[in-house]
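Peer 1: Got a structure here, written out as structure tokens. Questions coming.
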Amino acid sequence: MTLCQATTSSGVNEQPEDKAAPKGPPSSFVQHDEKVFKRRTTSASVLATRKDSLSSRAITTRSSVTWERLVRLTNFGLRPIRATRFLWTCRAPFTQSSDNYDKALAIERDAFRRDPGYGYHNLVASYLSLNRLEEAQATAEEARARNSNSPDIRFSLYSIAFLRNDLPGMARQVAWGAGKPGLEDVLLDLEADAAAYSGGWGTPGCFHGGRWLRLSGRRKRKRPKPGSGPKRRFAFRRAGMCST
Amino acid sequence: MQYLAALALAFAENASRAQALAADLAKRFPEDTVVQFNYLPTIHAQLALSHNNSSQSIEALQATAPYDLGTEGAAGGGAFMPALHPVYVRGEAYLAGHQGNEAAVEFQKILDHRGVVLYEPIGALAHLQLGRAYAMQSDTAKARAAYQEFLTLWKDADPDIPILIAAKAEYAKLQ
């Protein structure tokens, strides 16, 4: 029996909800408060102790990851619903091969059915892992319609747009994040990654009128060389990188 | 981040600093599956490759095989999630060992998983390496197509990147 089978067959709904975890919308991975993380990890560890067979399987099976690691990998920014947490903690070992992407998607669909509030982003990620861009886009758009301020969904929409070579779509997400502390820098980072993908490695200051320089506090000390910015801005525009 | 720094140093053939960072990772995360079965083997494999030891490189990557296509978290989010690095390095090792067919299989894995690789430069570089693998097998037509794909992707790339200069020279020889 696999780890997930052990989990889903153990009656996850029988467990009470985690009172210690914070409420509210999910925050982004990078923003997550360390104290919250520790509290959730500890809480999940207690659960693992109760679920002896499950935790021992998770910790001792080499093809899996440790329980602590499972929680660390999958528990950021999630709403405190125990059932879904147990399902989500199965994700990491299940994404270790192509076949398992399908299994992960099945789990996440189930998690999403139980708790749509936090299932969107990870469901989108599963569709992306399978190169199912249409479904990823539809799921992300539905999530945006319900909660347009979710950073993770915006990041996902940027990734989908990147994969579809949809420059206006990418620009929309960047524009949405402009001026938002903790989001603008992440989106600029994604822009830099997208430019690096097509060989634009040396001109970070070209993005959006030098906002990268402002964010990094370097505007007065160093400016991009004349002509280097506009030329390479959105270098991937003409790259046709979504041909595969 | 430390893993990426170590891997970059290994690619840059700065073995001593890469090894120091790798040793620190190994010491601090002895039970971390991703570190032990993905990060460290990949760094060690690249270091072996920089010493022209392709067989040792491939051997080092045997530990990563069950996790080759794994992701460390949810792809598509704001956080950077390294993906398929062991596959890329293994492909390079096969190329160094003049095993073009095996190398092509590895690089094709990267191209088949665009939704996992996302923005990683290896997603674009895999086209070039696939071209090299086909060229090694004397399959000029496929090699040319793969080189063209890469050069199209990097049409507006910074012109002084060494691998781009090398790719253009290799492509010219294929004509």
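In the structure tokens, the first chain shown is A, the next is B, and so on; residue numbers restart at 1 for each chain, and ligands run from 1 in the order shown.
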What residues in chain B lie within 10 Å of chain A, counting only C-alpha atoms, written as a ChimeraX atom specification?
Peer 2: /B:31-34,37,65-80,109,111-125,149-161,164
Peer 1: Okay, now the selection with N, CA and C atoms, as a compact mmCIF listing (two decimals), in the first residue's frame?
Peer 2:
```
# COMPACT_ATOMS: atom_id res chain seq x y z
N GLU B 31 19.32 14.12 6.74
CA GLU B 31 18.12 13.31 6.54
C GLU B 31 17.16 13.91 5.52
N ASP B 32 17.61 14.92 4.86
CA ASP B 32 16.75 15.57 3.88
C ASP B 32 16.83 14.82 2.56
N THR B 33 15.73 14.25 2.16
CA THR B 33 15.72 13.42 0.95
C THR B 33 16.13 14.20 -0.29
N VAL B 34 15.62 15.40 -0.41
CA VAL B 34 15.94 16.18 -1.61
C VAL B 34 17.42 16.52 -1.65
N PHE B 37 19.39 13.01 -2.09
CA PHE B 37 19.13 12.20 -3.28
C PHE B 37 18.91 13.02 -4.54
N ALA B 65 17.91 8.69 -9.59
CA ALA B 65 17.00 8.13 -10.60
C ALA B 65 15.53 8.08 -10.15
N PRO B 66 15.24 7.62 -8.92
CA PRO B 66 13.81 7.57 -8.53
C PRO B 66 13.16 8.94 -8.43
N TYR B 67 13.99 9.97 -8.35
CA TYR B 67 13.46 11.32 -8.11
C TYR B 67 13.67 12.24 -9.31
N ASP B 68 14.11 11.69 -10.42
CA ASP B 68 14.50 12.53 -11.55
C ASP B 68 13.45 13.54 -11.95
N LEU B 69 12.22 13.10 -12.00
CA LEU B 69 11.16 13.97 -12.50
C LEU B 69 10.38 14.63 -11.37
N GLY B 70 10.88 14.47 -10.18
CA GLY B 70 10.18 15.02 -9.03
C GLY B 70 10.32 16.53 -8.93
N THR B 71 9.37 17.11 -8.26
CA THR B 71 9.44 18.54 -7.98
C THR B 71 9.45 18.74 -6.48
N GLU B 72 10.07 19.81 -6.06
CA GLU B 72 10.19 20.03 -4.62
C GLU B 72 8.95 20.69 -4.04
N GLY B 73 8.13 21.19 -4.89
CA GLY B 73 6.92 21.84 -4.41
C GLY B 73 5.99 22.08 -5.58
N ALA B 74 5.05 22.96 -5.37
CA ALA B 74 4.08 23.25 -6.41
C ALA B 74 4.70 24.09 -7.50
N ALA B 75 4.76 23.56 -8.71
CA ALA B 75 5.30 24.32 -9.83
C ALA B 75 4.37 25.46 -10.18
N GLY B 76 4.94 26.50 -10.71
CA GLY B 76 4.12 27.60 -11.19
C GLY B 76 3.91 28.69 -10.16
N GLY B 77 4.39 28.49 -8.95
CA GLY B 77 4.23 29.51 -7.94
C GLY B 77 5.35 30.52 -7.98
N GLY B 78 5.39 31.37 -6.98
CA GLY B 78 6.40 32.40 -6.98
C GLY B 78 7.76 31.92 -6.54
N ALA B 79 7.80 30.82 -5.82
CA ALA B 79 9.07 30.34 -5.31
C ALA B 79 9.78 29.50 -6.36
N PHE B 80 11.09 29.63 -6.41
CA PHE B 80 11.87 28.88 -7.38
C PHE B 80 12.00 27.43 -6.93
N LYS B 109 13.67 14.16 -22.12
CA LYS B 109 12.86 14.19 -20.90
C LYS B 109 12.58 15.63 -20.47
N LEU B 111 12.57 18.31 -22.38
CA LEU B 111 11.67 18.97 -23.33
C LEU B 111 10.24 18.47 -23.20
N ASP B 112 10.10 17.24 -22.71
CA ASP B 112 8.76 16.67 -22.54
C ASP B 112 8.06 17.18 -21.29
N HIS B 113 8.78 17.88 -20.45
CA HIS B 113 8.19 18.33 -19.19
C HIS B 113 8.30 19.84 -19.03
N ARG B 114 7.83 20.55 -20.02
CA ARG B 114 7.88 22.02 -19.99
C ARG B 114 7.13 22.60 -18.80
N GLY B 115 6.04 21.97 -18.44
CA GLY B 115 5.25 22.48 -17.33
C GLY B 115 5.90 22.27 -15.98
N VAL B 116 6.91 21.43 -15.94
CA VAL B 116 7.66 21.22 -14.71
C VAL B 116 8.91 22.10 -14.71
N VAL B 117 9.58 22.13 -15.85
CA VAL B 117 10.84 22.89 -15.94
C VAL B 117 10.58 24.40 -15.91
N LEU B 118 9.47 24.81 -16.51
CA LEU B 118 9.09 26.23 -16.55
C LEU B 118 10.22 27.12 -17.03
N TYR B 119 10.69 28.03 -16.19
CA TYR B 119 11.63 29.07 -16.63
C TYR B 119 13.09 28.64 -16.59
N GLU B 120 13.36 27.45 -16.17
CA GLU B 120 14.75 27.05 -15.97
C GLU B 120 15.53 27.13 -17.28
N PRO B 121 16.70 27.72 -17.25
CA PRO B 121 17.50 27.79 -18.49
C PRO B 121 17.76 26.44 -19.13
N ILE B 122 17.77 25.38 -18.33
CA ILE B 122 18.00 24.06 -18.93
C ILE B 122 16.88 23.69 -19.89
N GLY B 123 15.72 24.32 -19.75
CA GLY B 123 14.63 24.05 -20.68
C GLY B 123 14.99 24.49 -22.09
N ALA B 124 15.70 25.60 -22.20
CA ALA B 124 16.14 26.06 -23.52
C ALA B 124 17.42 25.34 -23.94
N LEU B 125 18.33 25.19 -22.98
CA LEU B 125 19.62 24.56 -23.32
C LEU B 125 19.45 23.10 -23.71
N GLU B 149 16.07 25.23 -33.19
CA GLU B 149 15.12 25.52 -32.11
C GLU B 149 15.80 26.35 -31.02
N PHE B 150 16.99 25.92 -30.65
CA PHE B 150 17.72 26.65 -29.61
C PHE B 150 18.08 28.05 -30.08
N LEU B 151 18.59 28.16 -31.28
CA LEU B 151 19.02 29.48 -31.77
C LEU B 151 17.82 30.43 -31.95
N THR B 152 16.66 29.86 -32.24
CA THR B 152 15.46 30.70 -32.30
C THR B 152 15.08 31.21 -30.91
N LEU B 153 15.14 30.29 -29.96
CA LEU B 153 14.84 30.68 -28.58
C LEU B 153 15.79 31.78 -28.09
N TRP B 154 17.02 31.67 -28.50
CA TRP B 154 18.05 32.62 -28.05
C TRP B 154 18.37 33.67 -29.12
N LYS B 155 17.40 33.94 -29.93
CA LYS B 155 17.60 34.91 -31.02
C LYS B 155 18.05 36.27 -30.49
N ASP B 156 17.47 36.69 -29.38
CA ASP B 156 17.80 38.00 -28.81
C ASP B 156 18.63 37.89 -27.55
N ALA B 157 19.33 36.79 -27.44
CA ALA B 157 20.13 36.57 -26.23
C ALA B 157 21.34 37.50 -26.21
N ASP B 158 21.89 37.64 -25.03
CA ASP B 158 23.15 38.38 -24.91
C ASP B 158 24.19 37.69 -25.81
N PRO B 159 24.82 38.43 -26.71
CA PRO B 159 25.64 37.78 -27.74
C PRO B 159 26.95 37.18 -27.23
N ASP B 160 27.34 37.56 -26.03
CA ASP B 160 28.66 37.12 -25.56
C ASP B 160 28.62 35.90 -24.64
N ILE B 161 27.48 35.23 -24.59
CA ILE B 161 27.41 34.04 -23.75
C ILE B 161 28.16 32.91 -24.45
N LEU B 164 26.34 30.15 -26.36
CA LEU B 164 25.67 30.62 -27.58
C LEU B 164 26.68 30.72 -28.72
```
Peer 1: Need to verify the contact set: segment 98-105 of chain B, 10 Å, only C-alpha atoms, exclusion of same-chain residues closer than 2 positions in sequence. Can you return it as a list in words?
Peer 2: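 The residues that qualify are Ser54, Val87, Tyr88, Val89, Arg90, Gly91, Glu92, Ala93, Tyr94, Leu95, Ala96, Phe107, Gln108, Lys109, Ile110, Ala126, His127, Gln129, Leu130, Gly131, Arg132, Ala133, Tyr134, Ala135, Met136, Gln137 and Ser138 of chain B.
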Peer 1: Store the residues of this selection in a file with C-alpha atoms, as a PDB file, in the first residue's frame.
Peer 2:
```pdb
ATOM      1  CA  SER B  54      31.828  10.936 -17.214  1.00  0.00           C
ATOM      2  CA  VAL B  87      18.533  14.749 -15.856  1.00  0.00           C
ATOM      3  CA  TYR B  88      20.411  17.589 -17.520  1.00  0.00           C
ATOM      4  CA  VAL B  89      23.723  16.737 -15.880  1.00  0.00           C
ATOM      5  CA  ARG B  90      23.288  13.051 -16.731  1.00  0.00           C
ATOM      6  CA  GLY B  91      22.674  14.019 -20.336  1.00  0.00           C
ATOM      7  CA  GLU B  92      25.864  16.049 -20.310  1.00  0.00           C
ATOM      8  CA  ALA B  93      27.730  13.092 -18.827  1.00  0.00           C
ATOM      9  CA  TYR B  94      26.494  10.835 -21.598  1.00  0.00           C
ATOM     10  CA  LEU B  95      27.570  13.416 -24.152  1.00  0.00           C
ATOM     11  CA  ALA B  96      31.013  13.553 -22.559  1.00  0.00           C
ATOM     12  CA  PHE B 107      17.454  15.849 -22.873  1.00  0.00           C
ATOM     13  CA  GLN B 108      14.180  14.769 -24.429  1.00  0.00           C
ATOM     14  CA  LYS B 109      12.857  14.187 -20.896  1.00  0.00           C
ATOM     15  CA  ILE B 110      13.432  17.868 -20.164  1.00  0.00           C
ATOM     16  CA  ALA B 126      18.149  21.061 -23.647  1.00  0.00           C
ATOM     17  CA  HIS B 127      17.427  21.871 -27.304  1.00  0.00           C
ATOM     18  CA  GLN B 129      22.263  19.530 -26.029  1.00  0.00           C
ATOM     19  CA  LEU B 130      19.755  17.394 -27.909  1.00  0.00           C
ATOM     20  CA  GLY B 131      21.228  18.759 -31.128  1.00  0.00           C
ATOM     21  CA  ARG B 132      24.673  17.771 -29.945  1.00  0.00           C
ATOM     22  CA  ALA B 133      23.405  14.299 -29.073  1.00  0.00           C
ATOM     23  CA  TYR B 134      21.915  13.852 -32.523  1.00  0.00           C
ATOM     24  CA  ALA B 135      25.062  15.182 -34.141  1.00  0.00           C
ATOM     25  CA  MET B 136      27.019  12.613 -32.182  1.00  0.00           C
ATOM     26  CA  GLN B 137      24.774   9.961 -33.739  1.00  0.00           C
ATOM     27  CA  SER B 138      25.362  11.494 -37.182  1.00  0.00           C
TER      28      SER B 138
END
```
Peer 1: Which value, in Å to one decimal, gives the distance between atom CA of Gly182 of chain A and atom CA of Leu105 of chain A?
Peer 2: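 It comes out at 29.0 Å.
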